[in-house]
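File shown: start09.txt (compact mmCIF, C-alpha atoms).
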# COMPACT_ATOMS: atom_id res chain seq x y z
CA MET A 1 63.03 -28.02 28.51
CA ALA A 2 60.97 -29.54 31.27
CA ASP A 3 60.79 -27.31 34.35
CA THR A 4 62.34 -24.41 32.47
CA THR A 5 63.25 -21.21 34.26
CA TYR A 6 63.47 -18.01 32.23
CA LEU A 7 65.92 -15.40 33.44
CA ILE A 8 66.19 -11.80 32.34
CA LEU A 9 69.79 -10.72 32.87
CA THR A 10 70.96 -7.13 32.99
CA VAL A 11 74.66 -6.73 32.39
CA ILE A 12 76.86 -3.66 32.71
CA GLY A 13 80.59 -3.14 32.79
CA ASP A 14 83.55 -1.51 31.10
CA ASP A 15 83.45 -2.49 27.44
CA ARG A 16 86.26 -4.72 26.18
CA PRO A 17 86.84 -7.39 23.54
CA GLY A 18 85.63 -10.86 24.57
CA LEU A 19 83.05 -9.67 27.07
CA VAL A 20 80.04 -11.14 25.20
CA GLY A 21 81.96 -14.38 24.66
CA GLU A 22 82.63 -14.71 28.40
CA LEU A 23 78.97 -14.13 29.18
CA ALA A 24 77.88 -16.65 26.54
CA GLY A 25 80.42 -19.17 27.83
CA VAL A 26 79.06 -19.07 31.38
CA ILE A 27 75.50 -19.43 30.11
CA SER A 28 76.48 -22.41 27.92
CA ARG A 29 78.45 -24.16 30.69
CA HIS A 30 75.29 -24.10 32.80
CA GLU A 31 73.27 -25.44 29.86
CA GLY A 32 71.41 -22.18 29.47
CA ASN A 33 69.90 -21.24 26.14
CA TRP A 34 70.50 -17.61 25.05
CA LEU A 35 67.10 -16.61 23.61
CA GLU A 36 67.02 -12.86 23.06
CA SER A 37 69.25 -9.91 23.76
CA SER A 38 69.77 -6.22 23.27
CA MET A 39 73.25 -4.85 23.82
CA SER A 40 74.93 -1.50 23.39
CA HIS A 41 78.17 0.36 23.87
CA LEU A 42 77.39 3.60 25.67
CA ALA A 43 80.07 6.05 26.86
CA GLY A 44 82.71 3.33 27.21
CA LYS A 45 80.37 0.97 29.00
CA PHE A 46 78.80 -2.26 27.80
CA ALA A 47 75.12 -2.51 28.68
CA GLY A 48 72.92 -5.45 27.84
CA ILE A 49 69.75 -7.33 28.54
CA VAL A 50 69.61 -11.06 27.84
CA LYS A 51 66.76 -13.55 28.10
CA VAL A 52 67.98 -17.06 28.98
CA ALA A 53 66.13 -20.36 29.35
CA VAL A 54 67.70 -22.82 31.79
CA ALA A 55 66.56 -25.97 33.58
CA GLY A 56 65.09 -25.02 36.95
CA ASP A 57 67.65 -27.07 38.87
CA ARG A 58 70.54 -25.26 37.12
CA ALA A 59 69.25 -21.68 37.52
CA ASP A 60 70.90 -20.97 40.89
CA GLY A 61 74.26 -22.26 39.65
CA LEU A 62 74.04 -20.04 36.59
CA LYS A 63 73.13 -17.01 38.70
CA GLY A 64 76.08 -17.68 41.01
CA ALA A 65 78.54 -18.04 38.13
CA LEU A 66 77.29 -14.84 36.50
CA ALA A 67 77.61 -12.92 39.78
CA VAL A 68 81.38 -13.48 39.91
CA LEU A 69 82.26 -12.55 36.32
CA ALA A 70 85.22 -10.18 36.47
CA GLY A 71 84.45 -6.60 35.52
CA LEU A 72 80.71 -7.16 35.01
CA LYS A 73 77.72 -6.47 37.18
CA VAL A 74 75.03 -9.02 36.30
CA THR A 75 71.60 -9.05 37.91
CA SER A 76 68.87 -11.56 37.15
CA GLU A 77 65.11 -11.65 37.44
CA SER A 78 62.91 -14.68 36.85
CA SER A 79 60.38 -14.30 34.09
CA ALA A 80 57.44 -16.24 32.73
CA ALA A 81 57.56 -17.71 29.25
CA ASP A 82 56.39 -15.22 26.67
CA ALA A 83 52.74 -15.14 25.80
CA PRO A 84 52.12 -13.81 22.32
CA ALA A 85 51.37 -10.10 22.50
CA ARG A 86 47.97 -9.18 21.15
CA GLY A 87 46.89 -5.85 19.80
CA ARG A 88 47.93 -3.33 17.21
CA ARG A 89 51.59 -2.91 16.44
CA LEU A 90 52.75 0.61 15.64
CA LYS A 91 56.06 2.25 14.78
CA LEU A 92 56.96 5.74 15.94
CA SER A 93 59.81 7.80 14.51
CA LEU A 94 60.87 11.17 15.85
CA ILE A 95 63.56 13.63 14.81
CA GLY A 96 64.15 17.17 15.96
CA HIS A 97 66.45 19.54 17.76
CA ASP A 98 67.65 17.97 20.97
CA ARG A 99 66.20 19.30 24.18
CA ILE A 100 65.39 18.10 27.67
CA GLY A 101 62.01 16.38 28.06
CA ILE A 102 61.34 14.94 24.60
CA VAL A 103 61.14 11.30 25.74
CA ARG A 104 59.10 12.24 28.81
CA GLU A 105 56.51 14.19 26.86
CA VAL A 106 56.08 11.60 24.10
CA SER A 107 55.92 8.71 26.59
CA GLN A 108 53.25 10.52 28.61
CA VAL A 109 51.05 10.82 25.50
CA LEU A 110 51.55 7.13 24.73
CA ALA A 111 50.65 6.16 28.31
CA ARG A 112 47.45 8.26 28.21
CA HIS A 113 46.38 6.21 25.17
CA ALA A 114 47.38 2.88 26.85
CA VAL A 115 50.16 2.32 24.32
CA ASN A 116 53.07 0.17 25.51
CA VAL A 117 56.64 0.93 24.39
CA GLU A 118 58.16 -2.46 23.54
CA ASP A 119 61.43 -1.23 22.05
CA LEU A 120 62.97 2.24 22.08
CA THR A 121 66.18 3.31 20.39
CA THR A 122 67.46 6.87 20.69
CA ARG A 123 70.56 8.68 19.48
CA THR A 124 71.86 12.15 18.76
CA SER A 125 73.65 13.42 15.67
CA SER A 126 74.93 16.67 14.24
CA ALA A 127 72.49 18.46 11.99
CA PRO A 128 73.65 18.80 8.40
CA MET A 129 74.65 22.36 7.54
CA SER A 130 74.88 23.38 11.22
CA ALA A 131 76.44 22.36 14.48
CA GLU A 132 73.09 21.85 16.19
CA LEU A 133 72.39 18.53 17.88
CA LEU A 134 69.49 16.47 16.54
CA PHE A 135 67.61 13.89 18.62
CA HIS A 136 66.35 10.71 16.92
CA ALA A 137 63.99 8.14 18.43
CA ASP A 138 62.48 4.98 16.96
CA ALA A 139 59.98 2.93 18.93
CA ASP A 140 58.03 -0.28 18.45
CA LEU A 141 54.67 0.09 20.16
CA LEU A 142 51.81 -2.21 21.15
CA ALA A 143 48.29 -0.92 21.68
CA GLY A 144 44.91 -2.46 22.26
CA ALA A 145 42.74 -3.27 19.28
CA ASP A 146 40.40 -0.46 20.31
CA LEU A 147 43.05 2.28 20.07
CA ASP A 148 41.78 5.52 18.54
CA VAL A 149 44.76 6.13 16.25
CA ARG A 150 43.37 9.48 15.06
CA ALA A 151 43.20 10.81 18.65
CA LEU A 152 46.72 9.55 19.37
CA THR A 153 48.06 11.06 16.15
CA ASP A 154 46.35 14.40 16.89
CA GLU A 155 47.90 14.58 20.35
CA LEU A 156 51.36 13.61 19.04
CA GLU A 157 51.06 16.32 16.36
CA ARG A 158 50.16 18.89 19.01
CA ILE A 159 53.22 18.10 21.12
CA SER A 160 55.46 17.86 18.04
CA ASN A 161 54.71 21.53 17.39
CA ASP A 162 55.55 22.42 21.01
CA LEU A 163 58.72 20.30 20.95
CA MET A 164 59.68 21.41 17.42
CA VAL A 165 60.16 17.81 16.28
CA ASP A 166 58.77 15.69 13.46
CA ILE A 167 56.87 12.62 14.65
CA ALA A 168 55.63 9.85 12.36
CA LEU A 169 53.30 7.09 13.57
CA ASP A 170 52.63 4.12 11.32
CA GLU A 171 50.88 0.77 11.61
CA ALA A 172 53.55 -1.97 11.70
CA LEU A 173 53.34 -4.79 9.16
CA LYS A 174 53.88 -7.67 11.57
Have the structure of the file written as structure tokens, please.
Amino acid sequence: MADTTYLILTVIGDDRPGLVGELAGVISRHEGNWLESSMSHLAGKFAGIVKVAVAGDRADGLKGALAVLAGLKVTSESSAADAPARGRRLKLSLIGHDRIGIVREVSQVLARHAVNVEDLTTRTSSAPMSAELLFHADADLLAGADLDVRALTDELERISNDLMVDIALDEALK
């Protein structure tokens, strides 16, 4: 598309059948191209993030149409086209007894090592053989080529003992 505008949409509302179809319909009617998305059902709510490419002269019309969708709150931010991310790709997995502060403490370690969290998925589940709640986290990470993986791993191991969680850090294949 010549003069393409990229929009990052955040969408939230009460979950119901047909909601994604309505959103996709508005985007299509404004000749927008749905590029990427991440959507979830959380506590009865629909929450999503969508990246859309649209001709620059149609962007305002699309934004206006999205703003009046019944039962949805849609916000949009303009974004640049993606530049390929460079660096080392890592995967982090964590599981342990749920407690306040796990995400904060792990993310602080990652930030100290200049590691960017590109995707984070968390959930809780019941522990087998007990009624205790387990916390699970999986993250896709991007770090500079000069990352000292040993130092990062050592610090993650130290906090895993304090948090009483198991943390695995692996180099991603792609």
For this session: Enter the distance from atom CA of Arg150 of chain A to atom CA of Ala168 of chain A, in Å, rounded to one decimal.
Result: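 Value for the atom CA of Arg150 of chain A-atom CA of Ala168 of chain A distance: 12.6 Å.
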Exercise. Can you tell me, as a list in words, what residues are no more than 10 Å from Val103 of chain A when counting all atoms listed in the file, ignoring any on the same chain fewer than 3 positions away?
Worked result: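 Those residues are Leu94, Arg99, Ile100, Val106, Ser107, Gln108, Leu120, Thr122, Phe135 and Ala137 of chain A.
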Enclosing box along x, y and z for every listed atom of segment 84-90 of chain A, padded 6 Å each side, centre and size in Å, one decimal, as lines of an AutoDock Vina configuration file:
center_x = 49.8
center_y = -6.6
center_z = 19.1
size_x = 17.9
size_y = 26.4
size_z = 18.9
Exercise. Near Leu110 of chain A, counting all atoms listed in the file, which residues have an atom at most 12 Å away, once you skip same-chain residues fewer than 3 positions from it, shown as a PyMOL selection string?
Worked result: chain A and resi 90-92+103-107+113-118+139-144+147-149+151-156+159+169
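Considering all atoms listed in the file, the residue among A:Leu134, A:Ala24, A:Val11, A:Ala85 positioned nearest to His41 of chain A is A:Val11.
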Exercise. Quick one: distance from atom CA of Gly96 of chain A to atom CA of Leu133 of chain A in Å, one decimal?
Worked result: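 Between atom CA of Gly96 of chain A and atom CA of Leu133 of chain A the gap is 8.6 Å.
Closest approach to Val165 of chain A among A:Ser38, A:Ser130, A:Ser93, A:Thr121: A:Ser93, based on all atoms listed in the file.
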Exercise. Could you state the separation of atom CA of Leu7 of chain A and atom CA of Ala111 of chain A in Å, given to one decimal place?
Worked result: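 Spanning atom CA of Leu7 of chain A to atom CA of Ala111 of chain A is a straight-line distance of 26.9 Å.
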Could you pull the residues within 12 Å of Asp82 of chain A, counting all atoms listed in the file, minus those fewer than 5 positions along the same chain, as a short mmCIF file (atom, residue, chain, number, x, y, z; two decimals) with C-alpha atoms, in the coordinates of the input?
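Just written: around_4.cif:
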data_model
loop_
_atom_site.label_atom_id
_atom_site.label_comp_id
_atom_site.auth_asym_id
_atom_site.auth_seq_id
_atom_site.Cartn_x
_atom_site.Cartn_y
_atom_site.Cartn_z
CA THR A 5 63.25 -21.21 34.26
CA TYR A 6 63.47 -18.01 32.23
CA LEU A 7 65.92 -15.40 33.44
CA ILE A 8 66.19 -11.80 32.34
CA LEU A 35 67.10 -16.61 23.61
CA GLU A 36 67.02 -12.86 23.06
CA LYS A 51 66.76 -13.55 28.10
CA VAL A 52 67.98 -17.06 28.98
CA ALA A 53 66.13 -20.36 29.35
#
For this session: Find the residues near Ile27 of chain A: any atom within 10 Å, counting all atoms listed in the file, skip ones fewer than 4 places away on the same chain, and give them as a list in words.
Result: Gly21, Glu22, Leu23, Glu31, Gly32, Asn33, Trp34, Val52, Ala53, Val54, Ala59, Leu62, Lys63, Ala65 and Leu66 of chain A
Would you write out those residues with C-alpha atoms, as a CSV table (one decimal), in the frame of the given file?
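Wrote it out as out-v4.csv, contents follow:
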chain,number,residue,atom,x,y,z
A,21,GLY,CA,82.0,-14.4,24.7
A,22,GLU,CA,82.6,-14.7,28.4
A,23,LEU,CA,79.0,-14.1,29.2
A,31,GLU,CA,73.3,-25.4,29.9
A,32,GLY,CA,71.4,-22.2,29.5
A,33,ASN,CA,69.9,-21.2,26.1
A,34,TRP,CA,70.5,-17.6,25.0
A,52,VAL,CA,68.0,-17.1,29.0
A,53,ALA,CA,66.1,-20.4,29.4
A,54,VAL,CA,67.7,-22.8,31.8
A,59,ALA,CA,69.2,-21.7,37.5
A,62,LEU,CA,74.0,-20.0,36.6
A,63,LYS,CA,73.1,-17.0,38.7
A,65,ALA,CA,78.5,-18.0,38.1
A,66,LEU,CA,77.3,-14.8,36.5
What would segment 140-168 of chain A look like with N, CA and C atoms restored, written as a JSON list (two decimals), keeping the file's coordinate frame?
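Dumped to rebuild_13.json:
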[["chain", "number", "residue", "atom", "x", "y", "z"],
["A", 140, "ASP", "N", 59.03, 0.73, 18.80],
["A", 140, "ASP", "CA", 58.03, -0.28, 18.45],
["A", 140, "ASP", "C", 57.01, -0.24, 19.57],
["A", 141, "LEU", "N", 55.74, -0.11, 19.19],
["A", 141, "LEU", "CA", 54.67, 0.09, 20.16],
["A", 141, "LEU", "C", 53.63, -1.01, 20.05],
["A", 142, "LEU", "N", 52.92, -1.27, 21.15],
["A", 142, "LEU", "CA", 51.81, -2.21, 21.15],
["A", 142, "LEU", "C", 50.63, -1.53, 21.84],
["A", 143, "ALA", "N", 49.49, -1.55, 21.14],
["A", 143, "ALA", "CA", 48.29, -0.92, 21.68],
["A", 143, "ALA", "C", 47.13, -1.90, 21.58],
["A", 144, "GLY", "N", 46.11, -1.65, 22.34],
["A", 144, "GLY", "CA", 44.91, -2.46, 22.26],
["A", 144, "GLY", "C", 44.23, -2.31, 20.90],
["A", 145, "ALA", "N", 43.45, -3.29, 20.56],
["A", 145, "ALA", "CA", 42.74, -3.27, 19.28],
["A", 145, "ALA", "C", 41.79, -2.08, 19.16],
["A", 146, "ASP", "N", 41.36, -1.56, 20.31],
["A", 146, "ASP", "CA", 40.40, -0.46, 20.31],
["A", 146, "ASP", "C", 41.06, 0.93, 20.31],
["A", 147, "LEU", "N", 42.35, 1.00, 20.08],
["A", 147, "LEU", "CA", 43.05, 2.28, 20.07],
["A", 147, "LEU", "C", 42.45, 3.23, 19.04],
["A", 148, "ASP", "N", 42.21, 4.47, 19.46],
["A", 148, "ASP", "CA", 41.78, 5.52, 18.54],
["A", 148, "ASP", "C", 43.05, 6.17, 17.98],
["A", 149, "VAL", "N", 43.51, 5.66, 16.84],
["A", 149, "VAL", "CA", 44.76, 6.13, 16.25],
["A", 149, "VAL", "C", 44.68, 7.60, 15.89],
["A", 150, "ARG", "N", 43.54, 8.06, 15.43],
["A", 150, "ARG", "CA", 43.37, 9.48, 15.06],
["A", 150, "ARG", "C", 43.60, 10.36, 16.28],
["A", 151, "ALA", "N", 43.03, 10.01, 17.43],
["A", 151, "ALA", "CA", 43.20, 10.81, 18.65],
["A", 151, "ALA", "C", 44.67, 10.80, 19.09],
["A", 152, "LEU", "N", 45.31, 9.64, 19.01],
["A", 152, "LEU", "CA", 46.72, 9.55, 19.37],
["A", 152, "LEU", "C", 47.56, 10.41, 18.43],
["A", 153, "THR", "N", 47.31, 10.28, 17.14],
["A", 153, "THR", "CA", 48.06, 11.06, 16.15],
["A", 153, "THR", "C", 47.86, 12.56, 16.37],
["A", 154, "ASP", "N", 46.64, 12.97, 16.63],
["A", 154, "ASP", "CA", 46.35, 14.40, 16.89],
["A", 154, "ASP", "C", 47.14, 14.91, 18.09],
["A", 155, "GLU", "N", 47.17, 14.13, 19.16],
["A", 155, "GLU", "CA", 47.90, 14.58, 20.35],
["A", 155, "GLU", "C", 49.41, 14.60, 20.10],
["A", 156, "LEU", "N", 49.93, 13.61, 19.38],
["A", 156, "LEU", "CA", 51.36, 13.61, 19.04],
["A", 156, "LEU", "C", 51.71, 14.81, 18.15],
["A", 157, "GLU", "N", 50.82, 15.15, 17.21],
["A", 157, "GLU", "CA", 51.06, 16.32, 16.36],
["A", 157, "GLU", "C", 51.08, 17.60, 17.18],
["A", 158, "ARG", "N", 50.19, 17.70, 18.16],
["A", 158, "ARG", "CA", 50.16, 18.89, 19.01],
["A", 158, "ARG", "C", 51.48, 19.05, 19.77],
["A", 159, "ILE", "N", 51.97, 17.96, 20.36],
["A", 159, "ILE", "CA", 53.22, 18.10, 21.12],
["A", 159, "ILE", "C", 54.42, 18.25, 20.19],
["A", 160, "SER", "N", 54.32, 17.71, 18.97],
["A", 160, "SER", "CA", 55.46, 17.86, 18.04],
["A", 160, "SER", "C", 55.66, 19.33, 17.70],
["A", 161, "ASN", "N", 54.58, 20.09, 17.63],
["A", 161, "ASN", "CA", 54.71, 21.53, 17.39],
["A", 161, "ASN", "C", 55.37, 22.23, 18.59],
["A", 162, "ASP", "N", 54.96, 21.84, 19.81],
["A", 162, "ASP", "CA", 55.55, 22.42, 21.01],
["A", 162, "ASP", "C", 57.03, 22.05, 21.15],
["A", 163, "LEU", "N", 57.35, 20.80, 20.82],
["A", 163, "LEU", "CA", 58.72, 20.30, 20.95],
["A", 163, "LEU", "C", 59.60, 20.67, 19.76],
["A", 164, "MET", "N", 58.98, 21.11, 18.67],
["A", 164, "MET", "CA", 59.68, 21.41, 17.42],
["A", 164, "MET", "C", 60.41, 20.16, 16.90],
["A", 165, "VAL", "N", 59.64, 19.06, 16.82],
["A", 165, "VAL", "CA", 60.16, 17.81, 16.28],
["A", 165, "VAL", "C", 59.17, 17.29, 15.25],
["A", 166, "ASP", "N", 59.64, 16.39, 14.38],
["A", 166, "ASP", "CA", 58.77, 15.69, 13.46],
["A", 166, "ASP", "C", 58.52, 14.31, 14.02],
["A", 167, "ILE", "N", 57.24, 13.94, 14.13],
["A", 167, "ILE", "CA", 56.87, 12.62, 14.65],
["A", 167, "ILE", "C", 56.04, 11.91, 13.59],
["A", 168, "ALA", "N", 56.40, 10.67, 13.29],
["A", 168, "ALA", "CA", 55.63, 9.85, 12.36],
["A", 168, "ALA", "C", 55.16, 8.61, 13.12]]
